[in-house]
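Visitor: Pasting a structure here, questions to come.
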Amino acid sequence: MADYVHGYSSREAERLTDQADTLAALMHEGISFPDGHTVLEPGCGVGSQTVFLATHSPGAQIVAVDASEESLVAARRRVAGAGLDNVTLERADIYELPFADGTFDDVFVCFVLEHLADPEAGLAELRRVLARGGTITVIEGDHGSTFFHPESEAARRVIACLVELQARSGGNALIGRQLFPLLAAAGFRDVRVEPRTVYVDESRPDLTDGFIRKTFTAMVEGVRDEALAHGMVSEAEWARGIAALHRTAEPDGVFCYTFLRALAQR
Ligand SMILES: C[S@@+](CC[C@H](N)C(=O)[O-])C[C@H]1O[C@@H](n2cnc3c(N)ncnc32)[C@H](O)[C@@H]1O
């Protein structure tokens, strides 16, 4: 976990929450688990998605786990603050879950496979703890889906730094495009993947701030020191690239990014 590309700073915790709040309608649309179901959320982080899951499925029991105790402390605070009583939080590794075969009716996993060195093994473990006929929902991004106006080579370069650093730490920032083959190869059936696109222009000021600045650009900015330390770009190139990303949030700017949401059955 030491290599986790985004790290566990309070700034990253805030970014995860901005991201979840900004994208809640897009990510959670149509997701509501039946009363009585037990739902596993592995890699819950600071609980940013957990509160939406638990709120949208008040009759289900959400079991949220993460490898980071520090994130779980923040998640417990967030869940308690939201007054939710249908969530339990515990520390667990997605590769070795402390649950018997077929324990869960559903699994919801968001922005986690992209950080796993072995997503196939992670999915195999999730399939093991899912009951026969149970559902799995997987949401991932794919930085290759990004386009913007004005176009900028400098912006592309800083995004490429994040993709490269994530790959060096064993992850894959382009994993969204692989959801179908990964889930199918893991033995899930009825796999359906839908693109969920965030399109931002001046007419959507909430997304200009919430997505371009606070979610996407903040995520790229988070690897600045590492990118410079590895000599991937100069300080001046880095500053130009980040400025170009912020430039797309100006009134005549446009930004587009596609998340992939998969639903499949055990
Ligand atoms: C980008 S965060 C996403 C958090 C949350 N799902 C969200 O969407 O806000 C990725 C999370 O996966 C967790 N994680 C990474 N590898 C893990 C593993 N092997 N087992 C459990 N959690 C893991 C990290 O600790 C981190 O909290």
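Chain labels follow the order of the structure tokens: the first chain is A, the next B, and so on; residue numbering restarts at 1 in every chain, and ligands are counted from 1 in their shown order.
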Name all residues at most 9 Å from Ala13 (chain A) (count only C-alpha atoms; drop same-chain ones fewer than 2 positions away) and give them as a ChimeraX atom specification.

Guide: /A:8-11,15-18,45-46,48,71,74

Visitor: Using only C-alpha atoms and all ligand atoms, determine which residues fall within 9 Å of ligand 1, then list them as a PyMOL selection string.

Guide: chain A and resi 1+4-8+12-13+15-17+19-20+41-50+65-72+91-97+108-117+122+139-140

Visitor: Taking the DSSP assignment computed from this structure's backbone, write out as number ranges by chain all residues of region 11-174 of chain A that belong to strand (DSSP E or B).

Guide: A: 38-42, 61-66, 87-91, 93, 96, 104-110, 130-140, 147-149

Visitor: Taking the chain letters and numbering used in this document, name the residues of region 186-238 of chain A that DSSP puts in alpha helix (DSSP H), as a list in words.

Guide: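 Matching residues, listed in order: Pro205, Asp206, Leu207, Ala218, Met219, Val220, Glu221, Arg224, Asp225, Glu226, Ala227, Leu228, Ala229, Glu235, Ala236, Glu237 and Trp238 of chain A.
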
Visitor: Which residue, A:His230, A:His37, A:Arg157, A:Lys214, has the smallest gap to Ala60 (chain A) when you use only C-alpha atoms?

Guide: A:His37

Visitor: In terms of the shortest atom-to-atom distance over only C-alpha atoms, which of A:Leu165, A:Ala75, A:Leu182, A:Val63 is closest to Asp118 (chain A)?

Guide: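 The shortest atom-to-atom distance to Asp118 (chain A) comes from A:Leu182.
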
Visitor: Interatomic distance between CA of Thr38 (chain A) and CA of Glu14 (chain A)?

Guide: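 Between these atoms lies a distance of 27.8 Å.
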
Visitor: Which of these, A:Ile159, A:Leu207, A:Ala154, A:Ile175, has the shortest distance to Glu221 (chain A) once you count only C-alpha atoms?

Guide: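 Using only C-alpha atoms, the shortest distance to Glu221 (chain A) belongs to A:Ile159.
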
Visitor: Ranking A:Asp209, A:Asp201, A:Glu164, A:Asp35 by minimum distance to Val223 (chain A) and counting only C-alpha atoms, which one comes first?

Guide: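 Among the listed residues, A:Glu164 lies closest to Val223 (chain A).
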
Visitor: Please compute the CA of Glu202 (chain A)-CA of Phe216 (chain A) distance, one decimal, in Å.

Guide: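 So the answer is 16.7 Å.
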
Visitor: For Leu183 (chain A), which of A:Val129, A:Val138, A:Ile31, A:Leu53 is the closest residue, counting only C-alpha atoms?

Guide: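 Of all the options, A:Val138 lies closest to Leu183 (chain A).
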
Visitor: Report the closest atom pair, with its distance in Å rounded to one decimal, for each residue of region 18-77 of chain A that has an atom no farther than 7 Å from region 82-86 of chain A; count only C-alpha atoms, sort by chain and then rising residue number, and write it as CSV.

Guide:
residue,atom,partner,partner_atom,distance
A:Ala54,CA,A:Asn86,CA,6.5
A:Pro58,CA,A:Asn86,CA,6.9
A:Ala60,CA,A:Asn86,CA,6.8
A:Gln61,CA,A:Asn86,CA,5.0
A:Ile62,CA,A:Asn86,CA,6.1

Visitor: Quick one: write out the picked residues with N, CA and C atoms as a short mmCIF file (atom, residue, chain, number, x, y, z; two decimals), in the first residue's frame?

Guide:
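As a result, selection.cif now contains:
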data_model
loop_
_atom_site.label_atom_id
_atom_site.label_comp_id
_atom_site.auth_asym_id
_atom_site.auth_seq_id
_atom_site.Cartn_x
_atom_site.Cartn_y
_atom_site.Cartn_z
N ALA A 54 -25.18 3.75 1.22
CA ALA A 54 -26.01 3.47 2.40
C ALA A 54 -27.29 4.30 2.38
N PRO A 58 -31.33 2.08 2.10
CA PRO A 58 -31.44 2.13 3.56
C PRO A 58 -31.78 0.79 4.21
N ALA A 60 -30.51 -2.09 3.18
CA ALA A 60 -29.39 -3.03 2.98
C ALA A 60 -28.32 -2.75 4.01
N GLN A 61 -27.50 -3.77 4.27
CA GLN A 61 -26.38 -3.60 5.20
C GLN A 61 -25.10 -3.48 4.36
N ILE A 62 -24.38 -2.37 4.53
CA ILE A 62 -23.16 -2.14 3.75
C ILE A 62 -21.94 -2.51 4.61
#

Visitor: What does the structure give for the distance between CA of Ser169 (chain A) and CA of Arg128 (chain A), in Å to one decimal?

Guide: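 Result for CA of Ser169 (chain A) versus CA of Arg128 (chain A): 26.2 Å, one decimal.
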